[in-house]
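Have a look at input-v1.txt below; it lists compact mmCIF, C-alpha atoms (C1' of nucleotides).
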```
# COMPACT_ATOMS: atom_id res chain seq x y z
CA MET A 425 -73.13 -37.87 -26.41
CA SER A 426 -70.73 -39.68 -28.71
CA GLU A 427 -68.21 -37.98 -30.93
CA GLN A 428 -70.02 -39.43 -33.91
CA GLU A 429 -73.37 -37.92 -33.02
CA LYS A 430 -71.79 -34.55 -32.37
CA GLN A 431 -70.31 -34.69 -35.82
CA LYS A 432 -73.76 -35.41 -37.13
CA THR A 433 -75.19 -32.20 -35.66
CA GLU A 434 -72.31 -30.14 -36.94
CA ASP A 435 -72.81 -31.62 -40.39
CA LYS A 436 -76.50 -30.81 -40.34
CA ILE A 437 -75.69 -27.24 -39.38
CA MET A 438 -73.12 -26.84 -42.12
CA GLN A 439 -75.43 -28.30 -44.73
CA ALA A 440 -78.33 -26.08 -43.69
CA ALA A 441 -76.14 -22.98 -43.39
CA LYS A 442 -74.67 -23.58 -46.81
CA ASP A 443 -78.13 -23.95 -48.37
CA ILE A 444 -79.46 -20.75 -46.83
CA PHE A 445 -76.34 -18.62 -47.26
CA VAL A 446 -75.96 -19.65 -50.89
CA ARG A 447 -79.58 -18.84 -51.70
CA LYS A 448 -79.98 -15.62 -49.73
CA GLY A 449 -76.47 -14.29 -49.25
CA LYS A 450 -74.88 -13.38 -45.95
CA SER A 451 -77.07 -10.38 -45.18
CA GLY A 452 -80.27 -12.01 -46.41
CA ALA A 453 -79.83 -15.21 -44.41
CA ARG A 454 -81.47 -15.56 -41.01
CA MET A 455 -80.07 -17.63 -38.16
CA GLN A 456 -83.58 -18.81 -37.34
CA GLU A 457 -84.07 -20.16 -40.85
CA ILE A 458 -80.77 -22.01 -40.71
CA ALA A 459 -81.68 -23.54 -37.36
CA ASP A 460 -85.09 -24.62 -38.66
CA LYS A 461 -83.54 -26.22 -41.73
CA ALA A 462 -81.02 -28.06 -39.57
CA GLY A 463 -83.82 -29.24 -37.29
CA ILE A 464 -82.20 -27.77 -34.20
CA ASN A 465 -82.60 -24.86 -31.85
CA LYS A 466 -81.30 -21.45 -32.74
CA SER A 467 -79.13 -21.28 -29.63
CA LEU A 468 -77.28 -24.34 -30.76
CA LEU A 469 -75.95 -22.44 -33.72
CA HIS A 470 -74.26 -20.04 -31.35
CA TYR A 471 -72.97 -22.94 -29.30
CA TYR A 472 -71.12 -24.41 -32.29
CA TYR A 473 -70.24 -21.16 -34.04
CA ARG A 474 -70.12 -18.13 -31.83
CA SER A 475 -71.67 -15.69 -34.30
CA LYS A 476 -73.30 -15.39 -37.69
CA ASP A 477 -70.03 -14.03 -39.06
CA LYS A 478 -68.11 -17.07 -37.89
CA LEU A 479 -70.69 -19.46 -39.30
CA PHE A 480 -70.65 -17.66 -42.61
CA GLY A 481 -66.87 -17.72 -42.69
CA ALA A 482 -66.86 -21.49 -42.24
CA VAL A 483 -69.41 -21.95 -45.02
CA PHE A 484 -67.56 -19.69 -47.43
CA GLN A 485 -64.26 -21.40 -46.67
CA ILE A 486 -65.65 -24.81 -47.54
CA ALA A 487 -67.53 -23.61 -50.61
CA PHE A 488 -64.48 -21.90 -51.98
CA SER A 489 -61.99 -24.65 -51.25
CA ASN A 490 -64.15 -27.08 -53.19
CA PHE A 491 -63.82 -24.84 -56.19
CA ALA A 492 -60.48 -23.17 -56.52
CA PRO A 493 -57.71 -25.59 -55.67
CA ASN A 494 -57.00 -28.97 -57.21
CA LEU A 495 -58.06 -27.40 -60.45
CA PHE A 496 -54.50 -26.81 -61.58
CA LYS A 497 -53.23 -30.16 -60.44
CA THR A 498 -53.97 -31.69 -63.82
CA ILE A 499 -51.55 -29.30 -65.36
CA ASP A 500 -48.28 -30.87 -64.23
CA GLU A 501 -49.63 -34.27 -65.14
CA SER A 502 -49.59 -33.42 -68.81
CA ASP A 503 -47.25 -31.24 -70.79
CA ASP A 504 -49.45 -31.04 -73.85
CA ILE A 505 -51.32 -27.76 -73.85
CA PHE A 506 -54.28 -29.00 -75.87
CA GLU A 507 -54.84 -31.99 -73.62
CA THR A 508 -54.38 -29.83 -70.53
CA ILE A 509 -57.00 -27.33 -71.60
CA GLU A 510 -59.44 -30.04 -72.57
CA ILE A 511 -59.14 -31.73 -69.18
CA PHE A 512 -59.27 -28.43 -67.35
CA ILE A 513 -62.51 -27.34 -69.01
CA SER A 514 -64.05 -30.75 -68.53
CA LYS A 515 -63.22 -30.91 -64.83
CA TYR A 516 -64.25 -27.33 -64.21
CA LEU A 517 -67.63 -27.69 -65.90
CA ASP A 518 -68.24 -30.91 -64.01
CA ILE A 519 -67.66 -29.16 -60.69
CA ILE A 520 -69.90 -26.25 -61.63
CA SER A 521 -72.75 -28.35 -62.95
CA LYS A 522 -72.77 -30.27 -59.69
CA ASN A 523 -72.80 -27.00 -57.68
CA PRO A 524 -74.50 -24.55 -60.03
CA PHE A 525 -75.18 -21.84 -57.42
CA ILE A 526 -71.77 -21.71 -55.79
CA PRO A 527 -70.08 -19.46 -58.37
CA MET A 528 -72.72 -16.76 -57.96
CA PHE A 529 -72.47 -17.10 -54.19
CA ILE A 530 -68.70 -16.72 -54.18
CA LEU A 531 -68.58 -13.87 -56.69
CA ASN A 532 -71.29 -11.92 -54.94
CA GLU A 533 -69.73 -12.17 -51.49
CA VAL A 534 -66.25 -11.42 -52.78
CA ASN A 535 -67.57 -8.32 -54.48
CA LYS A 536 -69.10 -7.13 -51.21
CA LYS A 537 -65.82 -7.66 -49.35
CA ASP A 538 -67.35 -6.76 -46.00
CA THR A 539 -65.27 -9.40 -44.28
CA GLY A 540 -61.51 -9.19 -44.16
CA LEU A 541 -61.67 -12.95 -43.84
CA ILE A 542 -62.60 -13.43 -47.47
CA VAL A 543 -59.44 -11.91 -48.93
CA ARG A 544 -57.42 -14.08 -46.57
CA ILE A 545 -59.21 -17.20 -47.77
CA LEU A 546 -58.54 -16.31 -51.38
CA LYS A 547 -54.84 -15.83 -50.79
CA ASN A 548 -54.48 -19.06 -48.83
CA SER A 549 -56.31 -21.11 -51.43
CA GLY A 550 -53.09 -22.59 -52.74
CA MET A 551 -54.18 -21.94 -56.29
CA ASN A 552 -51.13 -21.51 -58.44
CA ILE A 553 -51.45 -19.81 -61.79
CA GLU A 554 -47.76 -19.89 -62.65
CA VAL A 555 -47.81 -23.53 -63.67
CA PHE A 556 -50.40 -22.72 -66.28
CA GLU A 557 -48.60 -19.61 -67.49
CA ASN A 558 -45.33 -21.48 -67.79
CA LEU A 559 -46.91 -24.23 -69.84
CA VAL A 560 -48.56 -21.77 -72.21
CA ASN A 561 -45.35 -19.77 -72.65
CA LYS A 562 -43.39 -22.94 -73.30
CA GLU A 563 -45.79 -24.07 -76.00
CA ILE A 564 -45.65 -20.65 -77.61
CA LYS A 565 -41.85 -20.85 -77.82
CA ASN A 566 -42.15 -24.35 -79.24
CA GLY A 567 -44.34 -22.96 -81.97
CA LYS A 568 -47.23 -25.22 -81.05
CA ILE A 569 -49.74 -22.43 -80.43
CA LYS A 570 -50.28 -18.79 -81.31
CA ASN A 571 -48.64 -16.06 -79.26
CA VAL A 572 -51.55 -15.60 -76.86
CA ASN A 573 -51.57 -13.94 -73.49
CA PRO A 574 -51.85 -16.68 -70.82
CA LYS A 575 -53.91 -14.53 -68.43
CA ASN A 576 -56.37 -13.63 -71.17
CA LEU A 577 -56.61 -17.26 -72.14
CA LEU A 578 -57.34 -18.42 -68.61
CA ILE A 579 -59.92 -15.71 -68.03
CA ASN A 580 -61.64 -16.53 -71.31
CA ILE A 581 -61.95 -20.15 -70.23
CA LEU A 582 -63.34 -19.24 -66.82
CA ALA A 583 -65.78 -16.74 -68.33
CA LEU A 584 -67.19 -19.16 -70.88
CA CYS A 585 -67.60 -21.90 -68.28
CA VAL A 586 -69.08 -19.87 -65.45
CA PHE A 587 -71.32 -17.34 -67.16
CA PRO A 588 -74.07 -19.72 -68.33
CA TYR A 589 -74.61 -20.66 -64.68
CA ILE A 590 -74.44 -17.30 -62.94
CA GLY A 591 -76.49 -15.72 -65.72
CA ARG A 592 -79.01 -18.52 -65.99
CA PRO A 593 -82.13 -16.80 -64.62
CA LEU A 594 -81.51 -13.86 -66.92
CA ILE A 595 -80.55 -15.79 -70.04
CA GLU A 596 -83.28 -18.35 -69.58
CA VAL A 597 -85.95 -15.67 -69.56
CA MET A 598 -84.52 -13.37 -72.21
CA ILE A 599 -82.98 -15.80 -74.69
CA PHE A 600 -84.69 -19.14 -74.06
CA ASN A 601 -88.27 -17.97 -73.54
CA ASP A 602 -88.34 -19.39 -70.01
CA ASP A 603 -87.82 -22.93 -71.32
CA GLU A 604 -85.70 -24.65 -68.69
CA ILE A 605 -85.59 -27.98 -70.46
CA GLU A 606 -84.14 -26.27 -73.48
CA TYR A 607 -81.66 -24.51 -71.22
CA ASP A 608 -80.53 -27.79 -69.67
CA LYS A 609 -79.86 -29.10 -73.16
CA PHE A 610 -77.88 -25.99 -73.93
CA LEU A 611 -75.77 -26.53 -70.81
CA GLU A 612 -75.04 -30.12 -71.80
CA GLY A 613 -73.57 -29.02 -75.10
CA ARG A 614 -71.47 -26.41 -73.40
CA LYS A 615 -68.39 -28.55 -72.77
CA LYS A 616 -67.91 -29.21 -76.45
CA GLU A 617 -68.69 -25.61 -77.41
CA VAL A 618 -66.21 -24.04 -74.99
CA THR A 619 -63.43 -26.51 -75.73
CA GLU A 620 -63.70 -26.01 -79.49
CA LEU A 621 -63.85 -22.25 -79.16
CA ILE A 622 -60.77 -22.08 -76.95
CA ILE A 623 -58.71 -24.62 -78.88
CA ASN A 624 -59.60 -22.86 -82.11
CA SER A 625 -58.37 -19.57 -80.65
CA ILE A 626 -54.86 -20.82 -79.89
CA LYS A 627 -54.06 -23.29 -82.62
CA ILE A 628 -51.92 -22.03 -85.46
CA MET B 872 -91.28 24.31 -52.98
CA SER B 873 -90.70 24.47 -56.71
CA GLU B 874 -91.06 21.54 -59.05
CA GLN B 875 -87.39 21.86 -59.85
CA GLU B 876 -86.24 21.54 -56.24
CA LYS B 877 -88.51 18.56 -55.68
CA GLN B 878 -86.85 16.90 -58.62
CA LYS B 879 -83.55 17.66 -57.01
CA THR B 880 -84.44 15.76 -53.85
CA GLU B 881 -85.79 12.80 -55.79
CA ASP B 882 -82.60 12.70 -57.80
CA LYS B 883 -80.47 12.75 -54.68
CA ILE B 884 -82.48 9.88 -53.29
CA MET B 885 -82.19 7.83 -56.45
CA GLN B 886 -78.47 8.43 -56.69
CA ALA B 887 -77.88 7.51 -53.06
CA ALA B 888 -80.18 4.50 -53.22
CA LYS B 889 -78.45 3.24 -56.33
CA ASP B 890 -75.02 3.56 -54.71
CA ILE B 891 -76.02 1.70 -51.57
CA PHE B 892 -78.17 -0.98 -53.20
CA VAL B 893 -75.51 -1.73 -55.80
CA ARG B 894 -72.78 -2.05 -53.19
CA LYS B 895 -74.68 -3.93 -50.49
CA GLY B 896 -77.56 -5.61 -52.26
CA LYS B 897 -81.22 -5.28 -51.37
CA SER B 898 -81.03 -7.14 -48.05
CA GLY B 899 -77.71 -5.60 -47.02
CA ALA B 900 -78.78 -2.02 -47.69
CA ARG B 901 -80.15 0.12 -44.86
CA MET B 902 -82.70 2.87 -45.32
CA GLN B 903 -80.82 4.96 -42.78
CA GLU B 904 -77.62 4.72 -44.79
CA ILE B 905 -79.42 5.74 -47.97
CA ALA B 906 -80.97 8.71 -46.22
CA ASP B 907 -77.60 9.78 -44.81
CA LYS B 908 -75.96 9.55 -48.21
CA ALA B 909 -78.76 11.60 -49.77
CA GLY B 910 -78.39 14.17 -47.01
CA ILE B 911 -82.04 13.91 -45.99
CA ASN B 912 -84.15 12.47 -43.24
CA LYS B 913 -85.09 8.82 -43.22
CA SER B 914 -88.81 9.60 -43.15
CA LEU B 915 -88.47 11.43 -46.41
CA LEU B 916 -87.55 8.20 -48.13
CA HIS B 917 -90.91 6.81 -47.14
CA TYR B 918 -92.59 9.95 -48.30
CA TYR B 919 -91.25 9.60 -51.84
CA TYR B 920 -91.24 5.80 -52.04
CA ARG B 921 -93.61 4.08 -49.69
CA SER B 922 -91.35 1.18 -48.77
CA LYS B 923 -87.88 -0.24 -49.15
CA ASP B 924 -89.24 -2.69 -51.71
CA LYS B 925 -90.66 0.10 -53.85
CA LEU B 926 -87.44 2.09 -53.67
CA PHE B 927 -85.43 -0.94 -54.62
CA GLY B 928 -87.77 -1.68 -57.50
CA ALA B 929 -87.26 1.79 -58.91
CA VAL B 930 -83.49 1.50 -58.64
CA PHE B 931 -83.41 -1.90 -60.28
CA GLN B 932 -85.69 -0.77 -63.06
CA ILE B 933 -83.40 2.13 -63.97
CA ALA B 934 -80.21 0.12 -63.62
CA PHE B 935 -81.53 -2.62 -65.84
CA SER B 936 -83.05 -0.41 -68.50
CA ASN B 937 -79.71 1.30 -68.94
CA PHE B 938 -78.21 -2.04 -69.78
CA ALA B 939 -80.48 -4.33 -71.71
CA PRO B 940 -82.36 -2.38 -74.34
CA ASN B 941 -80.96 -0.29 -77.14
CA LEU B 942 -78.22 -2.85 -77.36
CA PHE B 943 -79.76 -4.62 -80.30
CA LYS B 944 -80.70 -1.46 -82.10
CA THR B 945 -77.39 -1.44 -83.94
CA ILE B 946 -78.31 -4.71 -85.48
CA ASP B 947 -80.85 -3.49 -88.02
CA GLU B 948 -78.58 -0.62 -88.94
CA SER B 949 -76.11 -2.98 -90.50
CA ASP B 950 -76.63 -6.23 -92.32
CA ASP B 951 -73.01 -7.28 -92.18
CA ILE B 952 -72.52 -9.76 -89.36
CA PHE B 953 -68.88 -8.92 -88.75
CA GLU B 954 -69.54 -5.23 -88.48
CA THR B 955 -72.59 -5.86 -86.32
CA ILE B 956 -70.66 -7.97 -83.83
CA GLU B 957 -67.80 -5.51 -83.69
CA ILE B 958 -70.15 -2.61 -82.91
CA PHE B 959 -72.12 -4.68 -80.43
CA ILE B 960 -69.05 -5.68 -78.41
CA SER B 961 -67.69 -2.16 -78.51
CA LYS B 962 -70.94 -0.59 -77.32
CA TYR B 963 -71.50 -3.23 -74.68
CA LEU B 964 -68.01 -2.94 -73.19
CA ASP B 965 -68.34 0.83 -73.17
CA ILE B 966 -71.52 0.61 -71.12
CA ILE B 967 -70.03 -1.87 -68.69
CA SER B 968 -66.78 -0.01 -68.16
CA LYS B 969 -68.77 3.10 -67.29
CA ASN B 970 -70.93 1.12 -64.83
CA PRO B 971 -68.63 -1.69 -63.71
CA PHE B 972 -70.69 -2.80 -60.71
CA ILE B 973 -74.12 -2.91 -62.33
CA PRO B 974 -73.76 -6.37 -63.94
CA MET B 975 -72.96 -8.00 -60.60
CA PHE B 976 -75.83 -6.12 -58.99
CA ILE B 977 -78.34 -7.24 -61.60
CA LEU B 978 -77.17 -10.84 -61.77
CA ASN B 979 -77.16 -11.20 -58.01
CA GLU B 980 -80.65 -9.83 -57.50
CA VAL B 981 -82.07 -11.77 -60.42
CA ASN B 982 -80.62 -14.97 -58.96
CA LYS B 983 -82.32 -14.26 -55.62
CA LYS B 984 -85.67 -13.64 -57.32
CA ASP B 985 -87.37 -12.64 -54.08
CA THR B 986 -89.39 -10.01 -55.90
CA GLY B 987 -91.93 -10.95 -58.52
CA LEU B 988 -91.27 -7.49 -59.87
CA ILE B 989 -87.90 -8.46 -61.26
CA VAL B 990 -89.14 -11.09 -63.69
CA ARG B 991 -91.71 -8.58 -64.92
CA ILE B 992 -89.01 -6.00 -65.55
CA LEU B 993 -86.96 -8.51 -67.51
CA LYS B 994 -89.87 -9.45 -69.74
CA ASN B 995 -90.84 -5.84 -70.40
CA SER B 996 -87.32 -4.81 -71.27
CA GLY B 997 -88.09 -4.75 -74.96
CA MET B 998 -84.91 -6.63 -75.70
CA ASN B 999 -85.36 -8.59 -78.89
CA ILE B 1000 -83.05 -11.47 -79.63
CA GLU B 1001 -84.73 -12.54 -82.83
CA VAL B 1002 -83.19 -9.79 -84.91
CA PHE B 1003 -79.76 -11.09 -83.97
CA GLU B 1004 -80.69 -14.71 -84.58
CA ASN B 1005 -82.15 -13.90 -87.96
CA LEU B 1006 -79.05 -12.04 -89.05
CA VAL B 1007 -76.76 -14.88 -87.97
CA ASN B 1008 -78.90 -17.50 -89.71
CA LYS B 1009 -78.99 -15.41 -92.88
CA GLU B 1010 -75.22 -15.08 -92.97
CA ILE B 1011 -74.86 -18.82 -92.43
CA LYS B 1012 -77.07 -19.51 -95.44
CA ASN B 1013 -75.07 -17.00 -97.47
CA GLY B 1014 -71.95 -18.97 -96.63
CA LYS B 1015 -70.32 -15.96 -95.00
CA ILE B 1016 -69.78 -17.62 -91.61
CA LYS B 1017 -69.57 -21.07 -90.08
CA ASN B 1018 -72.70 -22.92 -89.06
CA VAL B 1019 -72.73 -21.66 -85.48
CA ASN B 1020 -75.59 -21.65 -83.00
CA PRO B 1021 -76.79 -18.05 -82.62
CA LYS B 1022 -77.69 -18.46 -78.94
CA ASN B 1023 -74.29 -19.91 -78.13
CA LEU B 1024 -72.65 -17.09 -80.04
CA LEU B 1025 -74.55 -14.40 -78.18
CA ILE B 1026 -73.91 -15.97 -74.79
CA ASN B 1027 -70.21 -16.32 -75.56
CA ILE B 1028 -70.04 -12.62 -76.35
CA LEU B 1029 -71.86 -11.62 -73.17
CA ALA B 1030 -69.74 -13.97 -71.05
CA LEU B 1031 -66.43 -12.66 -72.38
CA CYS B 1032 -67.52 -9.04 -71.93
CA VAL B 1033 -69.08 -9.28 -68.50
CA PHE B 1034 -66.93 -11.76 -66.61
CA PRO B 1035 -63.80 -9.61 -66.20
CA TYR B 1036 -65.96 -7.09 -64.35
CA ILE B 1037 -68.06 -9.34 -62.12
CA GLY B 1038 -65.03 -11.47 -61.34
CA ARG B 1039 -62.64 -8.59 -60.83
CA PRO B 1040 -62.01 -8.85 -57.06
CA LEU B 1041 -61.34 -12.55 -57.44
CA ILE B 1042 -59.24 -12.41 -60.58
CA GLU B 1043 -57.29 -9.38 -59.44
CA VAL B 1044 -56.16 -11.17 -56.29
CA MET B 1045 -55.60 -14.63 -57.71
CA ILE B 1046 -54.23 -13.90 -61.17
CA PHE B 1047 -52.91 -10.34 -61.04
CA ASN B 1048 -51.25 -10.38 -57.61
CA ASP B 1049 -53.51 -7.59 -56.35
CA ASP B 1050 -52.13 -5.17 -58.96
CA GLU B 1051 -55.07 -2.98 -59.90
CA ILE B 1052 -53.10 -0.84 -62.34
CA GLU B 1053 -52.17 -3.96 -64.23
CA TYR B 1054 -55.80 -5.04 -64.15
CA ASP B 1055 -56.97 -1.75 -65.60
CA LYS B 1056 -54.53 -2.25 -68.45
CA PHE B 1057 -55.90 -5.73 -68.96
CA LEU B 1058 -59.43 -4.35 -69.16
CA GLU B 1059 -58.40 -1.79 -71.76
CA GLY B 1060 -57.13 -4.49 -74.09
CA ARG B 1061 -60.29 -6.50 -73.63
CA LYS B 1062 -62.27 -5.01 -76.52
CA LYS B 1063 -59.70 -6.13 -79.05
CA GLU B 1064 -59.27 -9.52 -77.42
CA VAL B 1065 -62.98 -10.37 -77.33
CA THR B 1066 -63.66 -9.11 -80.84
CA GLU B 1067 -60.84 -11.13 -82.35
CA LEU B 1068 -61.77 -14.25 -80.44
CA ILE B 1069 -65.41 -14.09 -81.51
CA ILE B 1070 -64.76 -13.14 -85.12
CA ASN B 1071 -62.18 -15.90 -85.35
CA SER B 1072 -64.74 -18.39 -84.08
CA ILE B 1073 -67.27 -17.72 -86.84
CA LYS B 1074 -65.23 -16.90 -89.91
CA ILE B 1075 -64.76 -19.69 -92.39
C1' DG C 1470 -75.22 -30.72 -25.90
C1' DT C 1471 -79.69 -29.03 -26.21
C1' DC C 1472 -83.48 -26.45 -24.85
C1' DT C 1473 -86.54 -22.13 -23.10
C1' DA C 1474 -86.69 -17.52 -22.09
C1' DT C 1475 -85.17 -13.14 -22.72
C1' DA C 1476 -82.08 -9.40 -23.40
C1' DA C 1477 -80.18 -5.83 -26.48
C1' DA C 1478 -79.74 -3.83 -30.59
C1' DT C 1479 -81.27 -2.88 -35.20
C1' DT C 1480 -84.48 -1.48 -38.61
C1' DG C 1481 -88.56 -0.55 -41.59
C1' DA C 1482 -92.37 2.22 -41.10
C1' DT C 1483 -95.83 5.70 -39.17
C1' DA C 1484 -97.81 9.84 -36.54
C1' DG C 1485 -97.79 14.42 -36.12
C1' DA C 1486 -95.67 19.20 -35.70
C1' DC C 1487 -93.96 22.84 -38.62
C1' DG D 33 -91.95 18.74 -48.22
C1' DT D 34 -89.21 18.03 -44.33
C1' DC D 35 -88.32 17.11 -39.72
C1' DT D 36 -88.60 14.81 -34.69
C1' DA D 37 -90.22 11.25 -32.04
C1' DT D 38 -91.68 6.85 -31.60
C1' DC D 39 -93.73 2.29 -32.63
C1' DA D 40 -93.68 -2.47 -33.79
C1' DA D 41 -91.42 -6.08 -35.55
C1' DT D 42 -87.32 -8.50 -36.42
C1' DT D 43 -82.97 -10.50 -35.35
C1' DT D 44 -78.46 -11.57 -33.26
C1' DA D 45 -76.86 -13.09 -29.14
C1' DT D 46 -76.72 -14.57 -24.20
C1' DA D 47 -78.26 -16.57 -19.56
C1' DG D 48 -79.53 -20.36 -17.29
C1' DA D 49 -82.19 -24.77 -16.50
C1' DC D 50 -81.93 -29.64 -17.66
```
Can the structure from this file be put into structure tokens for me?
Amino acid sequence: MSEQEKQKTEDKIMQAAKDIFVRKGKSGARMQEIADKAGINKSLLHYYYRSKDKLFGAVFQIAFSNFAPNLFKTIDESDDIFETIEIFISKYLDIISKNPFIPMFILNEVNKKDTGLIVRILKNSGMNIEVFENLVNKEIKNGKIKNVNPKNLLINILALCVFPYIGRPLIEVMIFNDDEIEYDKFLEGRKKEVTELIINSIKI
Amino acid sequence: MSEQEKQKTEDKIMQAAKDIFVRKGKSGARMQEIADKAGINKSLLHYYYRSKDKLFGAVFQIAFSNFAPNLFKTIDESDDIFETIEIFISKYLDIISKNPFIPMFILNEVNKKDTGLIVRILKNSGMNIEVFENLVNKEIKNGKIKNVNPKNLLINILALCVFPYIGRPLIEVMIFNDDEIEYDKFLEGRKKEVTELIINSIKI
DNA sequence: GTCTATAAATTGATAGAC
DNA sequence: GTCTATCAATTTATAGAC
């Protein structure tokens, strides 16, 4: 069998595994269900990945690396804090809206921390906060923004972006009367809402 | 056996079940582990609650009802929007900091929605958003605050309060260099931070 | 590489003695 | 009410044929 067709099978496995793991979590997922979704035999899963743990690790690795890194790359490109934040929020919300269930998946599994692997993945993510902190501190000294705490600022941004997605089933029922069309509209307006709120909180 | 001692056993079960379910989720939890933690036999679990599903339902019900309702009761007590928001944030953060793992537990299980029971619990929670929306709209008409969207405002508040707790393992590693003492300090300053940010976003 | 068959371990649930 | 013993079903993982 050609290298290309092998790649095909491995891709199908990864896609299926990601779907199932994201929806049901590591402990809720079943190898049989993943095999069915990939259209292959269950034994083949163990041929490619030796165990459920290994397969999960691969899925988590990919899911996380699509989220965390590259996010701060925009920061060196600009040295204007307002522009930086605007781009950051825009890019981050774009990623999330294209993968709305990944944040919940990551947060849930990280909170369980039943795999030593996960902490290792986090630390090797290459995400660098210092660039952001330095920029914020510089702009404070320059008198361009209020004297805000950079960590608080970053966490506020993340919170406002992520929460509407991880809390969707709850918020949709309790605040939007189960109206998902209305909720989609709400999500669309979110980029503007978050940007204005954050900018407004730092400008003098 | 006296009614009081029976209550004792049921309490031990509920406490143990809550601990395990919250840490491992419904699918990750094991009846054996719950029984061990409660210091009783596994069969006794089935005697009190007929199945794992039923036991989980009871735990979720209690966990959720400690969170959602009563939160909006402060709202009628005051008709000043600034005071209302301040009290709301303060009360909400107090509840969360005393039960830091419950939000993640609830959000995770609600996102899985593998029990029809959960949606029913949400709808019967008696949480009433309208009181809050009415107050906000009134204050807008009175010219006391900006023309903000009440739903957005409420979700912003919830996001800023909850996220530092559900994201803790991630944020602590990636932003606080694994320093949990520093993170606890950060959490302590959160009430002031959130209140100021929100108030600042609505005041004219 | 991919499949069938099956082992080996786990786990939710029940029967029945006390 | 509480326990011991055990069932029945599920589920991860492996052995071996093709």
Can you check which parts of chain B lie within 8 Å of chain C? Per residue, the shortest pair of atoms and distance in Å to one decimal, counting only C-alpha atoms (C1' of nucleotides), sorted by chain and number, as CSV.
```
residue,atom,partner,partner_atom,distance
B:Arg901,CA,C:DT1480,C1',7.8
B:Met902,CA,C:DG1481,C1',7.7
B:His917,CA,C:DA1482,C1',7.7
B:Ser922,CA,C:DA1482,C1',7.8
B:Lys923,CA,C:DG1481,C1',7.6
```
Write out the residues from the selection above, keeping C-alpha atoms, as a compact mmCIF listing (two decimals), in the coordinates of the input.
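So part_5.txt came out as:
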```txt
# COMPACT_ATOMS: atom_id res chain seq x y z
CA ARG B 901 -80.15 0.12 -44.86
CA MET B 902 -82.70 2.87 -45.32
CA HIS B 917 -90.91 6.81 -47.14
CA SER B 922 -91.35 1.18 -48.77
CA LYS B 923 -87.88 -0.24 -49.15
```
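Nearest to Glu1010 in chain B of all the residues B:Ala934, B:Ile1046, B:Ile952, B:Ile1073 is B:Ile952, based on only C-alpha atoms.
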Quick one: distance from CA of Pro593 in chain A to CA of Glu980 in chain B in Å, one decimal? 10.1 Å
Compile the residues of chain A that lie within 12 Å of chain D, evaluated using all atoms listed in the file, and express the compilation as a VMD selection string. chain A and resid 451 to 457 466 to 471 473 to 477
Show me a table, sorted first by chain and then by increasing residue number, of the residues of chain A having an atom at most 8 Å from chain B, each with its shortest atom pair and the distance in Å to one decimal, counting all atoms listed in the file and written as JSON lines.
```
{"residue": "A:Arg447", "atom": "CA", "partner": "B:Lys983", "partner_atom": "CA", "distance": 6.6}
{"residue": "A:Lys448", "atom": "CA", "partner": "B:Lys983", "partner_atom": "CA", "distance": 6.5}
{"residue": "A:Ser451", "atom": "CA", "partner": "B:Gly899", "partner_atom": "CA", "distance": 5.2}
{"residue": "A:Gly452", "atom": "CA", "partner": "B:Ser898", "partner_atom": "CA", "distance": 5.2}
{"residue": "A:Met528", "atom": "CA", "partner": "B:Asn979", "partner_atom": "CA", "distance": 7.1}
{"residue": "A:Leu531", "atom": "CA", "partner": "B:Gly1038", "partner_atom": "CA", "distance": 6.3}
{"residue": "A:Asn532", "atom": "CA", "partner": "B:Asn979", "partner_atom": "CA", "distance": 6.7}
{"residue": "A:Val534", "atom": "CA", "partner": "B:Pro1040", "partner_atom": "CA", "distance": 6.5}
{"residue": "A:Asn535", "atom": "CA", "partner": "B:Pro1040", "partner_atom": "CA", "distance": 6.2}
{"residue": "A:Lys536", "atom": "CA", "partner": "B:Lys895", "partner_atom": "CA", "distance": 6.5}
{"residue": "A:Leu546", "atom": "CA", "partner": "B:Met1045", "partner_atom": "CA", "distance": 7.2}
{"residue": "A:Lys547", "atom": "CA", "partner": "B:Met1045", "partner_atom": "CA", "distance": 7.1}
{"residue": "A:Met551", "atom": "CA", "partner": "B:Met1045", "partner_atom": "CA", "distance": 7.6}
{"residue": "A:Ile553", "atom": "CA", "partner": "B:Ile1046", "partner_atom": "CA", "distance": 6.6}
{"residue": "A:Lys575", "atom": "CA", "partner": "B:Ile1046", "partner_atom": "CA", "distance": 7.3}
{"residue": "A:Ile579", "atom": "CA", "partner": "B:Pro1035", "partner_atom": "CA", "distance": 7.5}
{"residue": "A:Asn580", "atom": "CA", "partner": "B:Leu1031", "partner_atom": "CA", "distance": 6.3}
{"residue": "A:Ala583", "atom": "CA", "partner": "B:Phe1034", "partner_atom": "CA", "distance": 5.4}
{"residue": "A:Leu584", "atom": "CA", "partner": "B:Ala1030", "partner_atom": "CA", "distance": 5.8}
{"residue": "A:Phe587", "atom": "CA", "partner": "B:Ala1030", "partner_atom": "CA", "distance": 5.4}
{"residue": "A:Pro588", "atom": "CA", "partner": "B:Ile1026", "partner_atom": "CA", "distance": 7.5}
{"residue": "A:Ile590", "atom": "CA", "partner": "B:Leu978", "partner_atom": "CA", "distance": 7.1}
{"residue": "A:Gly591", "atom": "CA", "partner": "B:Leu978", "partner_atom": "CA", "distance": 6.3}
{"residue": "A:Pro593", "atom": "CA", "partner": "B:Asn982", "partner_atom": "CA", "distance": 6.1}
{"residue": "A:Leu594", "atom": "CA", "partner": "B:Val981", "partner_atom": "CA", "distance": 6.9}
{"residue": "A:Val597", "atom": "CA", "partner": "B:Lys994", "partner_atom": "CA", "distance": 7.4}
{"residue": "A:Met598", "atom": "CA", "partner": "B:Lys994", "partner_atom": "CA", "distance": 7.1}
{"residue": "A:Ile599", "atom": "CA", "partner": "B:Ile1000", "partner_atom": "CA", "distance": 6.6}
{"residue": "A:Leu621", "atom": "CA", "partner": "B:Ser1072", "partner_atom": "CA", "distance": 6.3}
{"residue": "A:Asn624", "atom": "CA", "partner": "B:Ser1072", "partner_atom": "CA", "distance": 7.1}
{"residue": "A:Ser625", "atom": "CA", "partner": "B:Leu1068", "partner_atom": "CA", "distance": 6.3}
```
